[in-house]
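Participant: So here's model_1.txt (compact mmCIF, C-alpha atoms).
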```
# COMPACT_ATOMS: atom_id res chain seq x y z
CA MET B 1 -6.84 -11.53 -1.36
CA LYS B 2 -3.93 -12.21 -3.66
CA ASN B 3 -2.63 -15.75 -3.82
CA LYS B 4 0.34 -15.33 -1.51
CA GLU B 5 1.66 -17.58 1.23
CA PHE B 6 2.54 -14.95 3.83
CA TYR B 7 1.69 -11.28 4.31
CA SER B 8 3.35 -8.56 6.36
CA ILE B 9 2.19 -5.29 7.89
CA ALA B 10 4.75 -2.79 9.21
CA ILE B 11 3.62 -0.17 11.73
CA ASP B 12 6.17 2.47 12.72
CA GLY B 13 5.93 5.55 14.87
CA PRO B 14 7.10 7.30 18.03
CA ALA B 15 6.67 6.10 21.60
CA ALA B 16 3.10 5.75 22.94
CA SER B 17 1.47 6.46 19.58
CA GLY B 18 -0.74 3.40 20.02
CA LYS B 19 1.26 1.16 17.68
CA SER B 20 1.34 -1.92 19.87
CA THR B 21 -2.33 -1.91 20.84
CA ALA B 22 -3.47 -1.33 17.27
CA ALA B 23 -1.04 -3.92 15.91
CA LYS B 24 -2.31 -6.54 18.37
CA GLY B 25 -5.88 -5.86 17.28
CA VAL B 26 -5.00 -6.07 13.60
CA ALA B 27 -3.08 -9.30 14.08
CA LYS B 28 -5.93 -10.89 16.02
CA GLU B 29 -8.51 -9.85 13.44
CA LEU B 30 -6.46 -11.14 10.51
CA GLY B 31 -5.06 -14.21 12.25
CA PHE B 32 -1.46 -13.00 11.89
CA LEU B 33 1.42 -13.27 14.35
CA TYR B 34 1.97 -10.05 16.29
CA VAL B 35 5.62 -9.13 16.88
CA ASP B 36 6.34 -6.27 19.27
CA THR B 37 9.87 -5.37 18.18
CA GLY B 38 10.13 -2.59 20.74
CA ALA B 39 9.59 -5.12 23.50
CA MET B 40 12.61 -7.04 22.26
CA TYR B 41 14.83 -3.98 22.70
CA ARG B 42 13.21 -3.33 26.06
CA ALA B 43 14.03 -6.88 27.12
CA PHE B 44 17.68 -6.36 26.23
CA THR B 45 17.66 -3.06 28.15
CA LEU B 46 16.25 -4.91 31.15
CA PHE B 47 18.94 -7.56 30.80
CA LEU B 48 21.63 -4.89 31.10
CA ILE B 49 19.89 -3.38 34.13
CA GLU B 50 19.71 -6.76 35.84
CA LYS B 51 23.39 -7.36 35.11
CA GLY B 52 24.31 -4.02 36.65
CA LEU B 53 25.66 -2.76 33.32
CA ASP B 54 25.38 0.70 31.78
CA ASN B 55 22.89 1.01 28.91
CA LYS B 56 24.65 4.21 27.85
CA ASN B 57 27.94 2.34 27.41
CA GLU B 58 28.18 0.46 24.12
CA LYS B 59 31.04 -1.72 25.37
CA ASP B 60 28.89 -2.89 28.29
CA ALA B 61 25.98 -3.66 25.99
CA LEU B 62 27.99 -5.64 23.45
CA SER B 63 29.80 -7.62 26.15
CA VAL B 64 26.62 -9.59 26.93
CA LEU B 65 24.72 -9.43 23.63
CA ASP B 66 25.30 -13.13 22.89
CA LYS B 67 24.17 -14.12 26.39
CA CYS B 68 20.69 -12.70 25.90
CA ASP B 69 17.91 -14.92 24.50
CA ILE B 70 14.74 -13.01 23.60
CA TYR B 71 11.58 -14.29 21.97
CA GLU B 72 7.84 -13.66 21.81
CA ASP B 73 4.99 -16.15 21.73
CA LYS B 74 1.64 -16.01 19.94
CA ASN B 75 -0.03 -14.65 23.06
CA GLY B 76 2.12 -11.51 22.93
CA HIS B 77 4.31 -12.48 25.87
CA VAL B 78 7.97 -11.47 25.88
CA PHE B 79 10.56 -13.81 27.33
CA LEU B 80 14.08 -13.00 28.46
CA ASN B 81 16.22 -16.09 28.93
CA GLY B 82 13.08 -18.13 29.55
CA LYS B 83 11.48 -15.66 31.99
CA ASP B 84 8.24 -13.84 31.17
CA VAL B 85 9.07 -10.11 31.36
CA THR B 86 6.03 -8.77 29.46
CA SER B 87 4.99 -6.39 32.23
CA ARG B 88 8.46 -5.63 33.60
CA VAL B 89 9.79 -4.21 30.31
CA ARG B 90 7.12 -1.47 30.41
CA GLU B 91 8.29 -0.01 33.69
CA ASN B 92 9.79 3.47 33.76
CA ASP B 93 13.41 2.50 34.46
CA VAL B 94 13.45 0.47 31.24
CA SER B 95 11.55 3.14 29.27
CA SER B 96 14.08 5.80 30.25
CA LEU B 97 17.06 3.78 28.97
CA VAL B 98 15.84 1.79 25.97
CA SER B 99 16.70 4.51 23.43
CA TYR B 100 20.37 4.16 24.35
CA SER B 101 20.77 0.39 24.18
CA CYS B 102 18.69 0.04 21.01
CA ALA B 103 20.85 2.57 19.16
CA TYR B 104 23.90 0.30 18.95
CA LYS B 105 24.46 -1.18 15.51
CA ALA B 106 25.28 -4.71 16.67
CA VAL B 107 22.20 -4.83 18.91
CA ARG B 108 19.93 -3.69 16.09
CA GLU B 109 21.47 -6.18 13.66
CA LYS B 110 20.79 -9.06 16.02
CA MET B 111 17.18 -8.02 16.66
CA VAL B 112 16.49 -7.35 12.97
CA ASP B 113 17.77 -10.79 12.08
CA LEU B 114 15.41 -12.39 14.61
CA GLN B 115 12.49 -10.30 13.37
CA ARG B 116 13.05 -11.16 9.69
CA LYS B 117 13.18 -14.85 10.52
CA MET B 118 9.72 -14.58 12.09
CA ALA B 119 8.33 -12.90 8.97
CA ARG B 120 9.72 -15.62 6.71
CA ASN B 121 7.72 -18.31 8.48
CA GLU B 122 4.25 -16.78 8.79
CA SER B 123 2.12 -13.69 8.20
CA VAL B 124 3.03 -10.96 10.67
CA VAL B 125 2.13 -7.57 12.01
CA MET B 126 5.22 -5.83 13.38
CA ASP B 127 5.43 -2.50 15.11
CA GLY B 128 8.48 -0.48 16.01
CA ARG B 129 10.56 2.40 14.70
CA ASP B 130 12.34 0.97 11.67
CA ILE B 131 10.08 -1.83 10.45
CA GLY B 132 9.13 -0.27 7.13
CA THR B 133 12.54 1.30 6.54
CA VAL B 134 14.85 -1.53 7.64
CA VAL B 135 13.25 -4.75 8.89
CA LEU B 136 10.45 -5.35 6.36
CA VAL B 137 11.22 -3.06 3.44
CA ASP B 138 8.91 -5.12 1.20
CA ALA B 139 5.97 -5.18 3.62
CA ASP B 140 2.54 -5.39 1.97
CA LEU B 141 1.40 -2.39 4.02
CA LYS B 142 3.45 0.25 5.81
CA VAL B 143 1.80 2.57 8.31
CA TYR B 144 3.48 5.47 10.10
CA GLN B 145 1.36 5.98 13.19
CA THR B 146 1.74 9.15 15.19
CA ALA B 147 0.00 11.45 17.68
CA THR B 148 0.79 14.63 19.55
CA PRO B 149 3.26 14.30 22.47
CA GLU B 150 0.47 15.35 24.84
CA ALA B 151 -1.92 12.67 23.59
CA ARG B 152 0.81 10.04 23.83
CA ALA B 153 1.78 11.09 27.36
CA LYS B 154 -1.85 10.88 28.46
CA ARG B 155 -2.14 7.35 27.04
CA ARG B 156 1.02 6.19 28.79
CA TYR B 157 -0.10 7.79 32.06
CA LEU B 158 -3.49 6.06 31.95
CA GLU B 159 -1.81 2.78 31.03
CA ASP B 160 0.53 3.06 34.01
CA LYS B 161 -2.38 3.88 36.29
CA GLU B 162 -4.34 0.88 35.06
CA GLN B 163 -1.34 -1.36 35.67
CA GLY B 164 -0.85 0.03 39.17
CA ARG B 165 2.41 1.82 38.33
CA ASN B 166 3.09 5.19 39.96
CA SER B 167 4.01 7.90 37.46
CA SER B 168 3.30 11.54 36.68
CA TYR B 169 1.94 12.95 33.44
CA GLU B 170 4.61 15.68 33.38
CA ASP B 171 7.48 13.21 33.77
CA ILE B 172 6.06 10.97 31.05
CA LEU B 173 5.62 13.91 28.66
CA GLU B 174 9.21 15.00 29.22
CA ALA B 175 10.48 11.44 28.69
CA ILE B 176 8.49 11.06 25.47
CA LYS B 177 9.85 14.30 24.03
CA LYS B 178 13.38 13.26 24.97
CA ARG B 179 12.94 9.83 23.43
CA ASP B 180 11.50 11.32 20.23
CA TYR B 181 14.65 13.37 19.84
CA ILE B 182 17.01 10.48 20.56
CA ASP B 183 15.14 8.05 18.29
CA SER B 184 15.01 10.47 15.35
CA HIS B 185 18.64 11.59 15.66
CA ARG B 186 20.45 8.31 16.30
CA GLN B 187 23.00 7.17 13.73
CA ASN B 188 21.73 3.61 13.29
CA SER B 189 18.19 3.15 11.90
CA PRO B 190 16.71 6.46 13.09
CA LEU B 191 12.97 6.83 13.45
CA THR B 192 11.69 8.05 10.10
CA LYS B 193 8.68 7.56 7.87
CA ALA B 194 9.22 5.21 4.93
CA PRO B 195 8.54 6.94 1.58
CA ASP B 196 5.75 4.46 0.80
CA ALA B 197 4.19 4.47 4.28
CA ILE B 198 0.71 5.83 4.95
CA GLU B 199 0.66 8.33 7.82
CA LEU B 200 -2.05 7.85 10.43
CA ASP B 201 -2.56 10.50 13.12
CA THR B 202 -4.25 8.77 16.05
CA SER B 203 -4.43 11.74 18.45
CA ASP B 204 -8.24 11.71 18.40
CA MET B 205 -8.87 8.10 17.41
CA SER B 206 -10.06 5.20 19.53
CA ILE B 207 -8.23 1.88 19.43
CA LYS B 208 -11.07 0.35 17.43
CA GLU B 209 -10.90 3.18 14.91
CA GLU B 210 -7.14 2.70 14.55
CA THR B 211 -7.50 -1.06 14.10
CA ASP B 212 -10.37 -0.80 11.62
CA LYS B 213 -8.49 1.79 9.57
CA ILE B 214 -5.33 -0.29 9.30
CA ILE B 215 -7.28 -3.41 8.32
CA SER B 216 -9.11 -1.37 5.69
CA LEU B 217 -5.82 -0.06 4.31
CA PHE B 218 -4.40 -3.59 4.22
CA LYS B 219 -7.37 -4.96 2.29
CA GLU B 220 -7.08 -2.10 -0.17
CA LYS B 221 -3.41 -2.91 -0.71
CA VAL B 222 -3.68 -6.65 -1.25
CA GLY B 223 -7.22 -6.91 -2.62
CA LYS B 224 -10.26 -8.21 -0.77
```
Would you encode the structure as structure tokens?

Facilitator:
Amino acid sequence: MKNKEFYSIAIDGPAASGKSTAAKGVAKELGFLYVDTGAMYRAFTLFLIEKGLDNKNEKDALSVLDKCDIYEDKNGHVFLNGKDVTSRVRENDVSSLVSYSCAYKAVREKMVDLQRKMARNESVVMDGRDIGTVVLVDADLKVYQTATPEARAKRRYLEDKEQGRNSSYEDILEAIKKRDYIDSHRQNSPLTKAPDAIELDTSDMSIKEETDKIISLFKEKVGK
């Protein structure tokens, strides 16, 4: 590989497209830090829920932004004010509201600043919705990972079932379609494919196939 101190891989895409699972596998294989940026926004959404505040109200969200400490460790755990909320942030009440709280400019600016600081200190794999377009515009590799709404809903349903969470495929599909619309139409950092990103449709791919493909693309970009 090129003689470079740190590398970065940006993986963007809609909800439940397999970004996080693939990114974790890539990071583990390459020895990079995995940063789940979506989990950071989910943690803030959870913070508002716990405070009894309205995620759809920007004033409510900004009133406690500076009281929220969010970080991730090298094991992929997400912490909210010192408490491990890795599993909690994936529950449906958080999923249904995260598109609102993460749309506020001040919230995104704070999270982006935290994410960029991580990338300055070590090689990273980040996944989210604006990594290649906003957070890491100079990433060594940008991937836009997608899948059909039906394939994504099935994945989320099976994930919930495995985790013991009660949910219905139909409700998840409806929520995913709604979130796709909100994420792609929001004013601040909408979900969009970076011009230099490589699109990867994972509808019919296994996790291993996704991971192997991204690693292959990375090695092609930076040189073996």

Participant: If you measure from CA of Thr45 in chain B to CA of Asp138 in chain B, what distance in Å do you get, rounded to one decimal?

Facilitator: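 Computed distance, CA of Thr45 in chain B to CA of Asp138 in chain B, equals 28.4 Å.
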
Participant: Around all of range 208-212 of chain B's listed atoms, make the axis-aligned box with 8 Å on each side and tell me centre and edge lengths in Å to one decimal, as lines of an AutoDock Vina configuration file.

Facilitator:
```
center_x = -9.1
center_y = 1.1
center_z = 14.5
size_x = 19.9
size_y = 20.2
size_z = 21.8
```

Participant: Have a look at CA of Ala147 in chain B and CA of Met205 in chain B and let me know their distance in Å, one decimal.

Facilitator: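 The value is 9.5 Å.
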
Participant: Using Å and a single decimal, report how far CA of Asn92 in chain B sits from CA of Ser167 in chain B.

Facilitator: 8.2 Å

Participant: For Phe47 in chain B, which of B:Val112, B:Ile70, B:Ile11, B:Ala119 is the closest residue, counting only C-alpha atoms?

Facilitator: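 Closest residue, counting only C-alpha atoms: B:Ile70.
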